[in-house]
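> Quick one, model39.cif (mmCIF, C-alpha atoms):
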data_upload
loop_
_atom_site.label_atom_id
_atom_site.label_comp_id
_atom_site.auth_asym_id
_atom_site.auth_seq_id
_atom_site.Cartn_x
_atom_site.Cartn_y
_atom_site.Cartn_z
CA MET A 1430 0.00 0.00 0.00
CA HIS A 1431 1.32 3.43 -0.97
CA LEU A 1432 0.86 6.27 1.50
CA SER A 1433 1.15 9.87 0.41
CA GLU A 1434 2.92 12.49 2.49
CA ASP A 1435 -0.44 14.04 3.30
CA GLU A 1436 -1.82 10.75 4.61
CA ILE A 1437 1.26 10.24 6.77
CA TYR A 1438 0.94 13.73 8.23
CA ARG A 1439 -2.74 13.22 9.01
CA SER A 1440 -1.79 10.24 11.18
CA SER A 1441 0.56 12.36 13.29
CA THR A 1442 -0.26 13.77 16.74
CA GLN A 1443 0.46 17.24 15.40
CA TYR A 1444 -2.47 16.97 13.01
CA ARG A 1445 -4.80 15.03 15.33
CA LEU A 1446 -4.25 17.06 18.50
CA TRP A 1447 -2.77 20.39 17.45
CA SER A 1448 -4.61 21.36 14.27
CA PHE A 1449 -7.57 23.73 14.57
CA THR A 1450 -9.91 25.91 12.64
CA PRO A 1451 -9.57 29.65 13.39
CA GLU A 1452 -12.93 29.57 15.19
CA LYS A 1453 -11.97 26.60 17.36
CA LEU A 1454 -8.61 28.13 18.28
CA GLN A 1455 -10.22 31.44 19.25
CA SER A 1456 -12.86 29.64 21.31
CA LEU A 1457 -10.20 27.59 23.11
CA ARG A 1458 -8.15 30.66 24.02
CA SER A 1459 -11.24 32.54 25.17
CA SER A 1460 -12.42 29.71 27.43
CA THR A 1461 -8.93 29.27 28.91
CA ASN A 1462 -8.73 33.00 29.59
CA ALA A 1463 -12.19 33.18 31.18
CA ALA A 1464 -11.54 30.21 33.48
CA ALA A 1465 -8.17 31.63 34.51
CA ALA A 1466 -9.64 35.06 35.26
CA GLU A 1467 -12.14 33.56 37.69
CA ARG A 1468 -9.50 31.38 39.29
CA VAL A 1469 -7.05 34.23 39.69
CA LYS A 1470 -9.69 36.45 41.33
CA ALA A 1471 -10.54 33.71 43.82
CA ASN A 1472 -6.90 32.96 44.63
CA ILE A 1473 -5.97 36.62 45.04
CA LYS A 1474 -8.96 37.11 47.38
CA ARG A 1475 -7.97 34.07 49.44
CA PHE A 1476 -4.35 35.23 49.54
CA ARG A 1477 -5.33 38.70 50.75
CA ASP A 1478 -7.77 37.33 53.31
CA THR A 1479 -5.02 35.12 54.71
CA LYS A 1480 -2.65 38.08 54.99
CA ALA A 1481 -5.33 40.12 56.72
CA ALA A 1482 -6.01 37.30 59.20
CA ASP A 1483 -2.29 37.10 59.95
CA GLY A 1484 -2.20 40.82 60.62
CA ASN A 1485 -0.27 41.64 57.44
CA GLY A 1486 -3.15 43.20 55.56
CA ASP A 1487 -6.04 45.58 55.92
CA ARG A 1488 -8.80 43.86 57.87
CA ASN A 1489 -11.38 46.54 57.19
CA GLY A 1490 -10.48 47.58 53.64
CA ALA A 1491 -11.91 46.07 50.48
CA ASP A 1492 -9.82 43.30 48.97
CA GLY A 1493 -9.91 44.92 45.55
CA THR A 1494 -10.72 41.76 43.60
CA ASP A 1495 -13.93 43.31 42.26
CA GLN A 1496 -11.79 45.94 40.53
CA LEU A 1497 -9.23 43.40 39.29
CA ASP A 1498 -8.68 43.83 35.56
CA PRO A 1499 -7.59 40.47 34.06
CA LEU A 1500 -5.85 40.10 30.75
CA THR A 1501 -8.01 39.65 27.67
CA PRO A 1502 -7.36 36.71 25.32
CA GLU A 1503 -5.82 39.14 22.81
CA GLU A 1504 -3.49 40.58 25.46
CA GLU A 1505 -2.44 37.12 26.59
CA LEU A 1506 -1.62 36.18 23.01
CA LYS A 1507 0.48 39.31 22.52
CA LEU A 1508 2.43 38.53 25.69
CA VAL A 1509 3.00 34.91 24.67
CA VAL A 1510 4.15 35.95 21.19
CA MET A 1511 6.59 38.40 22.76
CA TYR A 1512 8.15 35.57 24.78
CA CYS A 1513 8.24 33.40 21.65
CA LYS A 1514 10.38 36.10 20.05
CA LYS A 1515 12.56 36.14 23.16
CA CYS A 1516 12.91 32.38 22.73
CA ILE A 1517 14.36 32.97 19.26
CA GLU A 1518 16.84 35.46 20.72
CA LEU A 1519 17.80 33.08 23.51
CA GLY A 1520 18.13 30.10 21.18
CA ASN A 1521 20.32 32.08 18.80
CA PHE A 1522 22.45 33.30 21.73
CA LEU A 1523 22.95 29.69 22.83
CA LYS A 1524 23.63 28.70 19.19
CA PHE A 1525 20.90 26.06 19.09
CA PRO A 1526 19.77 24.70 15.69
CA SER A 1527 16.64 26.23 14.19
CA ARG A 1528 14.68 23.00 14.73
CA VAL A 1529 15.28 23.22 18.50
CA ILE A 1530 14.09 26.83 18.66
CA ALA A 1531 11.05 26.12 16.48
CA ALA A 1532 10.05 23.13 18.63
CA ALA A 1533 10.44 25.17 21.82
CA ILE A 1534 8.18 27.91 20.49
CA GLN A 1535 5.51 25.39 19.54
CA TYR A 1536 5.69 23.99 23.07
CA VAL A 1537 5.13 27.50 24.43
CA LYS A 1538 2.19 28.17 22.12
CA ARG A 1539 0.61 24.78 22.80
CA PHE A 1540 1.07 25.18 26.56
CA TYR A 1541 -0.83 28.46 26.58
CA LEU A 1542 -3.80 27.02 24.76
CA PHE A 1543 -4.79 25.29 28.01
CA ASN A 1544 -2.97 27.49 30.54
CA SER A 1545 -3.10 31.21 31.12
CA ALA A 1546 -0.22 33.67 31.30
CA MET A 1547 -1.98 35.05 34.38
CA VAL A 1548 -1.41 31.71 36.13
CA TYR A 1549 2.00 30.70 34.78
CA HIS A 1550 4.40 33.47 33.83
CA PRO A 1551 5.87 32.94 30.31
CA LYS A 1552 9.21 34.15 31.69
CA LYS A 1553 9.40 30.90 33.69
CA ILE A 1554 7.80 28.59 31.13
CA MET A 1555 9.72 29.65 28.01
CA PRO A 1556 13.28 28.66 29.15
CA SER A 1557 12.00 25.29 30.33
CA CYS A 1558 10.34 24.72 26.93
CA LEU A 1559 13.63 25.53 25.21
CA PHE A 1560 15.51 23.09 27.44
CA LEU A 1561 12.88 20.42 26.79
CA ALA A 1562 13.29 20.96 23.04
CA THR A 1563 17.05 20.31 23.29
CA LYS A 1564 16.16 16.80 24.42
CA THR A 1565 13.34 16.06 22.00
CA GLU A 1566 15.37 17.42 19.06
CA VAL A 1567 18.51 15.51 20.13
CA ASN A 1568 20.70 18.49 20.96
CA PHE A 1569 21.65 17.47 24.48
CA ILE A 1570 22.82 19.92 27.13
CA SER A 1571 22.70 19.47 30.90
CA SER A 1572 20.28 21.54 32.95
CA ALA A 1573 23.19 22.95 34.98
CA THR A 1574 25.03 24.06 31.84
CA PHE A 1575 21.85 25.50 30.35
CA ALA A 1576 21.01 27.43 33.52
CA SER A 1577 24.57 28.75 33.88
CA LYS A 1578 24.18 30.64 30.60
CA LEU A 1579 21.13 32.54 31.87
CA PRO A 1580 21.26 35.33 34.45
CA SER A 1581 19.90 34.60 37.94
CA THR A 1582 18.76 31.12 36.90
CA THR A 1583 19.34 27.74 38.53
CA ALA A 1584 18.85 24.22 37.23
CA GLU A 1585 15.81 23.96 39.54
CA ASP A 1586 14.24 26.96 37.80
CA ILE A 1587 14.56 25.13 34.48
CA LEU A 1588 13.42 21.71 35.65
CA ALA A 1589 10.55 22.70 37.97
CA PRO A 1590 7.96 23.46 35.21
CA GLU A 1591 9.02 20.60 32.94
CA TYR A 1592 6.47 17.99 33.99
CA LEU A 1593 3.74 20.63 34.02
CA ILE A 1594 4.65 21.50 30.43
CA VAL A 1595 4.72 17.87 29.29
CA GLN A 1596 1.28 17.31 30.82
CA ALA A 1597 -0.10 20.34 28.99
CA LEU A 1598 1.39 19.01 25.75
CA ARG A 1599 -0.48 15.72 26.38
CA PHE A 1600 2.91 13.98 26.27
CA THR A 1601 3.10 14.59 22.51
CA LEU A 1602 6.54 16.08 21.97
CA GLU A 1603 7.00 15.59 18.23
CA VAL A 1604 6.88 18.75 16.14
CA ARG A 1605 6.89 18.45 12.35
CA HIS A 1606 8.71 21.40 10.82
CA PRO A 1607 8.63 22.86 7.29
CA HIS A 1608 12.41 23.34 7.10
CA ARG A 1609 13.29 20.01 5.48
CA GLY A 1610 10.63 20.43 2.81
CA LEU A 1611 12.06 23.82 1.86
CA ASP A 1612 15.57 22.36 1.67
CA GLY A 1613 14.30 19.57 -0.59
CA ALA A 1614 12.54 22.05 -2.88
CA ASN A 1615 15.73 24.09 -3.05
CA LEU A 1616 17.67 21.05 -4.30
CA GLU A 1617 14.96 20.32 -6.87
CA LEU A 1618 15.00 23.91 -8.15
CA MET A 1619 18.80 23.79 -8.38
CA ASP A 1620 18.55 20.68 -10.55
CA MET A 1621 15.90 22.35 -12.72
CA ALA A 1622 18.16 25.35 -13.21
CA LYS A 1623 20.96 23.03 -14.33
CA GLY A 1624 18.69 21.12 -16.75
CA GLN A 1625 18.87 17.99 -14.61
CA ALA A 1626 15.36 17.93 -13.16
CA ALA A 1627 13.81 14.60 -12.17
CA LEU A 1628 10.34 15.25 -13.58
CA LEU A 1629 7.10 13.45 -12.83
CA PRO A 1630 6.11 10.54 -15.10
CA GLY A 1631 4.06 11.80 -18.02
CA SER A 1632 5.49 15.30 -17.88
CA PRO A 1633 4.96 17.02 -21.27
CA LYS A 1634 8.36 18.77 -21.09
CA SER A 1635 11.96 17.62 -20.95
CA SER A 1636 14.48 18.74 -18.34
CA GLN A 1637 16.01 21.14 -20.87
CA GLU A 1638 12.64 22.69 -21.68
CA VAL A 1639 11.95 23.18 -17.98
CA GLN A 1640 15.34 24.86 -17.64
CA ALA A 1641 14.56 27.18 -20.56
CA ASP A 1642 11.18 28.11 -19.06
CA MET A 1643 12.87 28.81 -15.74
CA MET A 1644 15.32 31.21 -17.37
CA ARG A 1645 12.40 33.23 -18.76
CA LEU A 1646 10.56 33.60 -15.44
CA PRO A 1647 9.57 37.20 -14.65
CA SER A 1648 11.32 38.74 -11.68
CA GLU A 1649 8.01 39.81 -10.11
CA PRO A 1650 4.36 38.69 -10.30
CA ASN A 1651 2.73 39.51 -13.66
CA GLY A 1652 6.01 41.01 -14.84
CA ALA A 1653 7.71 40.71 -18.20
CA SER A 1654 9.71 37.63 -19.14
CA THR A 1655 13.42 37.73 -18.48
CA ASN A 1656 16.35 36.29 -20.37
CA GLY A 1657 18.59 34.82 -17.70
CA ASP A 1658 21.31 32.22 -17.82
CA GLU A 1659 22.05 29.23 -15.64
CA ALA A 1660 24.24 31.17 -13.22
CA SER A 1661 21.66 33.91 -12.66
CA VAL A 1662 18.86 31.40 -12.11
CA LEU A 1663 20.95 29.46 -9.60
CA SER A 1664 21.65 32.71 -7.78
CA ARG A 1665 17.93 33.52 -7.78
CA VAL A 1666 17.05 30.12 -6.33
CA LYS A 1667 19.65 30.52 -3.60
CA ALA A 1668 18.36 33.98 -2.68
CA ALA A 1669 14.74 32.80 -2.54
CA TRP A 1670 15.72 29.84 -0.37
CA GLY A 1671 17.61 32.10 2.04
CA THR A 1672 14.71 34.53 2.41
CA ALA A 1673 12.14 31.75 2.84
CA ARG A 1674 14.36 30.00 5.36
CA GLU A 1675 14.57 33.17 7.45
CA THR A 1676 10.76 33.39 7.39
CA LEU A 1677 10.50 29.82 8.66
CA LYS A 1678 13.02 30.51 11.43
CA THR A 1679 11.18 33.60 12.67
CA VAL A 1680 7.64 34.67 11.82
CA ALA A 1681 6.42 31.15 10.92
CA THR A 1682 7.22 29.93 14.43
CA TYR A 1683 5.35 32.52 16.50
CA THR A 1684 2.27 33.03 14.30
CA ASP A 1685 -0.55 30.45 14.29
CA VAL A 1686 0.34 28.83 10.95
CA TYR A 1687 1.46 25.59 12.64
CA PHE A 1688 -2.08 25.23 14.03
CA PHE A 1689 -3.77 25.78 10.64
CA TYR A 1690 -1.49 24.46 7.88
CA THR A 1691 0.69 21.47 7.04
CA PRO A 1692 4.50 21.78 6.96
CA SER A 1693 4.51 21.67 3.13
CA GLN A 1694 1.92 24.44 2.90
CA ILE A 1695 3.97 26.57 5.30
CA TRP A 1696 7.25 26.33 3.40
CA LEU A 1697 5.48 26.91 0.08
CA ALA A 1698 3.92 30.05 1.57
CA ALA A 1699 7.34 31.23 2.72
CA LEU A 1700 8.70 30.61 -0.79
CA ILE A 1701 5.83 32.58 -2.34
CA LEU A 1702 6.69 35.55 -0.11
CA ALA A 1703 10.33 35.25 -1.15
CA ASP A 1704 9.80 34.82 -4.91
CA GLU A 1705 6.24 34.29 -6.11
CA PRO A 1706 6.97 33.51 -9.81
CA LEU A 1707 9.58 30.93 -8.79
CA ALA A 1708 7.27 29.32 -6.23
CA LEU A 1709 4.35 29.07 -8.67
CA PHE A 1710 6.68 27.70 -11.34
CA TYR A 1711 7.78 25.00 -8.92
CA LEU A 1712 4.14 24.14 -8.16
CA ASP A 1713 3.36 23.89 -11.88
CA THR A 1714 6.03 21.20 -12.26
CA LYS A 1715 4.01 19.14 -9.78
CA PHE A 1716 0.84 19.62 -11.87
CA PRO A 1717 2.25 19.12 -15.39
CA SER A 1718 -1.18 18.84 -17.01
CA ALA A 1719 -3.02 21.35 -14.84
CA LYS A 1720 -3.65 23.72 -17.77
CA SER A 1721 -4.96 21.00 -20.05
CA GLN A 1722 -8.69 20.95 -20.82
CA GLU A 1723 -8.57 17.16 -20.49
CA THR A 1724 -7.71 17.27 -16.79
CA PRO A 1725 -10.15 19.62 -15.00
CA ALA A 1726 -9.73 17.70 -11.73
CA ILE A 1727 -5.99 18.40 -11.68
CA ALA A 1728 -6.57 22.05 -12.54
CA GLU A 1729 -9.10 22.32 -9.73
CA LEU A 1730 -6.67 20.71 -7.30
CA ARG A 1731 -3.92 23.13 -8.29
CA THR A 1732 -6.26 26.09 -7.80
CA LYS A 1733 -7.17 24.82 -4.33
CA VAL A 1734 -3.53 24.28 -3.35
CA VAL A 1735 -2.48 27.74 -4.54
CA ALA A 1736 -5.38 29.38 -2.68
CA THR A 1737 -4.45 27.57 0.55
CA VAL A 1738 -0.79 28.48 0.25
CA ARG A 1739 -1.64 32.12 -0.48
CA ALA A 1740 -3.84 32.25 2.64
CA CYS A 1741 -0.93 30.92 4.68
CA ALA A 1742 1.37 33.49 3.08
CA GLU A 1743 -1.01 36.28 4.10
CA MET A 1744 -0.87 35.10 7.70
CA LEU A 1745 2.92 35.02 7.59
CA GLN A 1746 3.01 38.51 6.11
CA ALA A 1747 0.68 39.84 8.80
CA GLY A 1748 2.95 38.33 11.44
CA HIS A 1749 5.75 40.73 10.54
CA VAL A 1750 3.87 43.58 12.25
CA GLU A 1751 5.60 44.40 15.55
CA GLU A 1752 3.76 45.46 18.71
CA SER A 1753 5.06 48.68 20.23
CA LYS A 1754 7.25 48.48 23.33
CA GLU A 1755 4.72 50.65 25.16
CA GLU A 1756 1.91 48.17 24.43
CA ILE A 1757 3.97 45.19 25.59
CA SER A 1758 5.04 47.05 28.75
CA ARG A 1759 1.42 47.91 29.51
CA ILE A 1760 0.35 44.28 29.14
CA ALA A 1761 3.27 43.08 31.29
CA ARG A 1762 2.31 45.47 34.10
CA LYS A 1763 -1.31 44.40 33.83
CA ARG A 1764 -0.27 40.77 34.00
CA ASP A 1765 1.78 41.37 37.16
CA ALA A 1766 -1.24 43.00 38.79
CA CYS A 1767 -3.47 39.97 38.16
CA SER A 1768 -1.03 37.07 38.56
CA ASP A 1769 -2.03 33.95 40.48
CA PRO A 1770 -0.21 34.00 43.87
CA GLU A 1771 -0.59 30.23 44.25
CA LYS A 1772 1.52 29.53 41.17
CA ALA A 1773 4.30 32.03 41.77
CA ASP A 1774 6.72 29.50 43.31
CA LEU A 1775 7.04 26.75 40.71
CA ILE A 1776 10.04 25.22 42.47
CA GLY A 1777 8.07 24.83 45.70
CA LEU A 1778 5.07 23.39 43.86
CA HIS A 1779 7.30 20.94 42.02
CA ALA A 1780 8.95 19.80 45.26
CA ALA A 1781 5.55 19.36 46.89
CA GLN A 1782 4.32 17.27 43.97
CA LYS A 1783 7.41 15.05 44.07
CA ARG A 1784 6.86 14.40 47.77
CA GLY A 1785 3.20 13.54 47.36
CA GLY A 1786 2.05 17.05 48.14
CA ALA A 1787 2.56 16.84 51.91
CA LEU A 1788 4.83 19.87 51.99
CA GLU A 1789 4.18 23.39 53.20
CA GLY A 1790 0.45 22.70 53.53
CA GLN A 1791 -0.08 21.78 49.86
CA LEU A 1792 -2.14 18.75 50.90
CA ASP A 1793 -3.76 17.84 54.17
CA GLU A 1794 -2.55 14.80 56.10
CA ARG A 1795 -5.43 12.59 54.97
CA GLU A 1796 -4.75 13.25 51.26
CA ALA A 1797 -1.02 12.68 51.74
CA LYS A 1798 -1.71 9.34 53.44
CA ARG A 1799 -4.07 8.33 50.65
CA ARG A 1800 -1.43 8.99 48.01
CA LYS A 1801 1.18 7.13 50.05
CA LEU A 1802 -1.15 4.13 50.33
CA GLU A 1803 -1.75 4.17 46.57
CA ARG A 1804 2.00 4.12 45.92
CA GLU A 1805 2.49 1.23 48.35
CA GLN A 1806 -0.35 -0.74 46.72
CA SER A 1807 1.12 -0.13 43.28
CA GLN A 1808 4.52 -1.30 44.45
CA GLN A 1809 3.00 -4.41 46.03
CA GLN A 1810 1.17 -5.26 42.81
CA ALA A 1811 4.43 -4.94 40.89
CA GLU A 1812 6.19 -7.24 43.36
CA ASP A 1813 3.37 -9.78 43.11
CA PHE A 1814 3.81 -9.88 39.34
CA TRP A 1815 7.59 -9.48 38.93
CA GLY A 1816 8.77 -10.67 42.33
CA PRO A 1817 10.43 -8.64 45.09
CA GLU A 1818 13.41 -6.40 44.38
CA LEU A 1819 16.76 -8.21 44.40
CA LYS A 1820 18.82 -7.43 47.47
CA LYS A 1821 22.22 -5.90 46.99
CA GLU A 1822 25.08 -7.91 48.45
#
Once you've parsed the file, please lay out its structure as structure tokens.

Amino acid sequence: MHLSEDEIYRSSTQYRLWSFTPEKLQSLRSSTNAAAAERVKANIKRFRDTKAADGNGDRNGADGTDQLDPLTPEEELKLVVMYCKKCIELGNFLKFPSRVIAAAIQYVKRFYLFNSAMVYHPKKIMPSCLFLATKTEVNFISSATFASKLPSTTAEDILAPEYLIVQALRFTLEVRHPHRGLDGANLELMDMAKGQAALLPGSPKSSQEVQADMMRLPSEPNGASTNGDEASVLSRVKAAWGTARETLKTVATYTDVYFFYTPSQIWLAALILADEPLALFYLDTKFPSAKSQETPAIAELRTKVVATVRACAEMLQAGHVEESKEEISRIARKRDACSDPEKADLIGLHAAQKRGGALEGQLDEREAKRRKLEREQSQQQAEDFWGPELKKE
């Protein structure tokens, strides 16, 4: 049985769990934001009441939670995108490969689909996502070494949110990137420019005819034909690849295109932004009979593909718009004013979880005993099946 690339992608967790329609994605972010806003208000009220009872707060004054102004879904997204851009800067500073940085950013964006920036600060989540990506993308570095390269950061700061992140990702750590597809297309275009193209069976043109057509490509959409040579075409292909690659390394990672489009659609969109005539020419080689009256189905398919890729390109182009520093600073201050006090100490929460929660009042004694009993029962069941642990001599 022959499986197409599209069929293989549709079997991946990225497609099944992390692909959305624009309406579904917006709804998910809105519901996450609304739930977090209510939770944060309740936790801040409880935190202030506790301080007042301890004599550290105003017993008679209003707690102020009624006037609390939580972040909107749009503000949360702007803050998350800002930290995605910081992830690119940090990854480049640490000289990580582009695949590591791209995976880390997808972890950040996926995490904040089900968690709010008001509950978990992106400043703490983003570095941990980057460290996690070094492992999933096989670019190993120890947590101590990673933390030593960041100011005022310990290995515990990096490791504490890791399990929380993996849970939010539903333990699906694979990220399928568009980079390899773009590199493959670049090699194909290079061969076409040299007259050595490996064309599809039934192609109406020879490799030399494809090369000649390529040399006549206009330099801009709907422009006049050119009269280039092999060297100039090769240079054009290289330039387009470089520009598209930069798009994939930056704007493609922090926009929502990974949630809406396949890797092949993303790199084709980046190539269209870099050199539209060249990108459409490449697509035409994959639909050799698309303009024939005898193959309306192929022509319709090509039209659909081009429309989808153009829509992706528009989203990439819109992603180049930068938010002002004043706007980001305003959102950051607003976030600090409505942050969840119960989730401020991730290291403490992580330690409590590792010890069954019976630490610093995280769980009452009855709950801690219940968890301990469950662990003992699980261990006993394992011993009944596998036998007791071998004693060390």
> Using all atoms listed in the file, which residues sit within 8 Å of Pro1551 in chain A once same-chain residues fewer than 4 positions away are excluded, as a list in words?
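Listed by chain and then number, they are Val1509, Tyr1512, Ala1546 and Met1555 of chain A.
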> For this structure, which residues satisfy the selection - the PyMOL selection byres ((chain A and resi 1738) around 12) - when it is evaluated on the file as given? I want them as a PyMOL selection string.
chain A and resi 1686+1689-1702+1705+1708-1709+1712+1731-1737+1739-1745
> Here is a test: counting only C-alpha atoms, which residue of A:Thr1672, A:Glu1585, A:Ser1664, A:Thr1714 is nearest to Pro1630 in chain A?
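Checking each of A:Thr1672, A:Glu1585, A:Ser1664, A:Thr1714 against Pro1630 in chain A, counting only C-alpha atoms, the winner is A:Thr1714.
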> In Å, rounded to a single decimal, give me how far CA of Ile1760 in chain A is from CA of Thr1679 in chain A.
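Between CA of Thr1679 in chain A and CA of Ile1760 in chain A the gap works out to 22.4 Å.
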> Near Thr1501 in chain A, within 12 Å and counting all atoms listed in the file, which residues show up once chain neighbours fewer than 3 positions away are dropped, as a ChimeraX atom specification?
/A:1455,1458-1466,1498,1504-1508,1545-1547,1760,1763-1764,1767
> Write out as a list in words which residues come within 9 Å of Thr1442 in chain A when counting all atoms listed in the file, dropping same-chain ones fewer than 5 positions away.
Trp1447, Thr1601, Leu1602, Glu1603 and Val1604 of chain A
> Excluding Pro1590 in chain A and any residue of its chain fewer than 5 positions from it, enumerate the residues within 9 Å of it, using all atoms listed in the file, and give them as a PyMOL selection string.
chain A and resi 1553-1554+1557-1558+1585+1595+1775-1776+1779
> For this file, the PyMOL selection byres ((chain A and resi 1565-1576) around 9) selects which residues, as a compact mmCIF listing (two decimals) with C-alpha atoms, keeping the file's coordinate frame?

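Final output, selection.txt:
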# COMPACT_ATOMS: atom_id res chain seq x y z
CA LEU A 1523 22.95 29.69 22.83
CA PHE A 1525 20.90 26.06 19.09
CA PRO A 1526 19.77 24.70 15.69
CA ARG A 1528 14.68 23.00 14.73
CA VAL A 1529 15.28 23.22 18.50
CA ALA A 1532 10.05 23.13 18.63
CA PRO A 1556 13.28 28.66 29.15
CA PHE A 1560 15.51 23.09 27.44
CA LEU A 1561 12.88 20.42 26.79
CA ALA A 1562 13.29 20.96 23.04
CA THR A 1563 17.05 20.31 23.29
CA LYS A 1564 16.16 16.80 24.42
CA SER A 1577 24.57 28.75 33.88
CA LYS A 1578 24.18 30.64 30.60
CA LEU A 1579 21.13 32.54 31.87
CA PRO A 1580 21.26 35.33 34.45
CA SER A 1581 19.90 34.60 37.94
CA THR A 1582 18.76 31.12 36.90
CA THR A 1583 19.34 27.74 38.53
CA ALA A 1584 18.85 24.22 37.23
CA GLU A 1585 15.81 23.96 39.54
CA ASP A 1586 14.24 26.96 37.80
CA ILE A 1587 14.56 25.13 34.48
CA LEU A 1588 13.42 21.71 35.65
CA LEU A 1602 6.54 16.08 21.97
CA GLU A 1603 7.00 15.59 18.23
> For Glu1452 in chain A, which of A:Tyr1541, A:Tyr1549, A:Phe1716, A:Phe1688 is the closest residue, counting only C-alpha atoms?
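For Glu1452 in chain A, the nearest of the given residues is A:Phe1688.
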> Between CA of Pro1650 in chain A and CA of Leu1707 in chain A, measure the distance and give it in Å to one decimal.
9.5 Å
> So the first atom is CA of Lys1623 in chain A and the second is CA of Leu1677 in chain A; what is the distance between them in Å, to one decimal place?
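Going from CA of Lys1623 in chain A over to CA of Leu1677 in chain A covers 26.2 Å.
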> Find, counting all atoms listed in the file, the residue in A:Ser1636, A:Asn1472, A:Gln1535, A:Ser1654 that gets nearest to Cys1513 in chain A.
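The answer is A:Gln1535, which sits nearest to Cys1513 in chain A.
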> Identify, on the basis of all atoms listed in the file, every residue whose closest approach to range 1645-1649 of chain A does not exceed 8 Å; exclude the query and any residue fewer than 4 positions from it along the same chain; express the result as a PyMOL selection string.
chain A and resi 1641+1653-1657+1704-1707
> Take the PyMOL selection byres ((chain A and resi 1616) around 12), run it mentally on this structure, and tell me the resulting residues as a list in words.
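Checked against the file, the PyMOL selection byres ((chain A and resi 1616) around 12) matches Arg1609, Gly1610, Leu1611, Asp1612, Gly1613, Ala1614, Asn1615, Glu1617, Leu1618, Met1619, Asp1620, Met1621, Ala1622, Lys1623, Gln1625, Ala1626, Ala1627, Leu1663, Val1666, Lys1667, Trp1670 and Tyr1711 of chain A.
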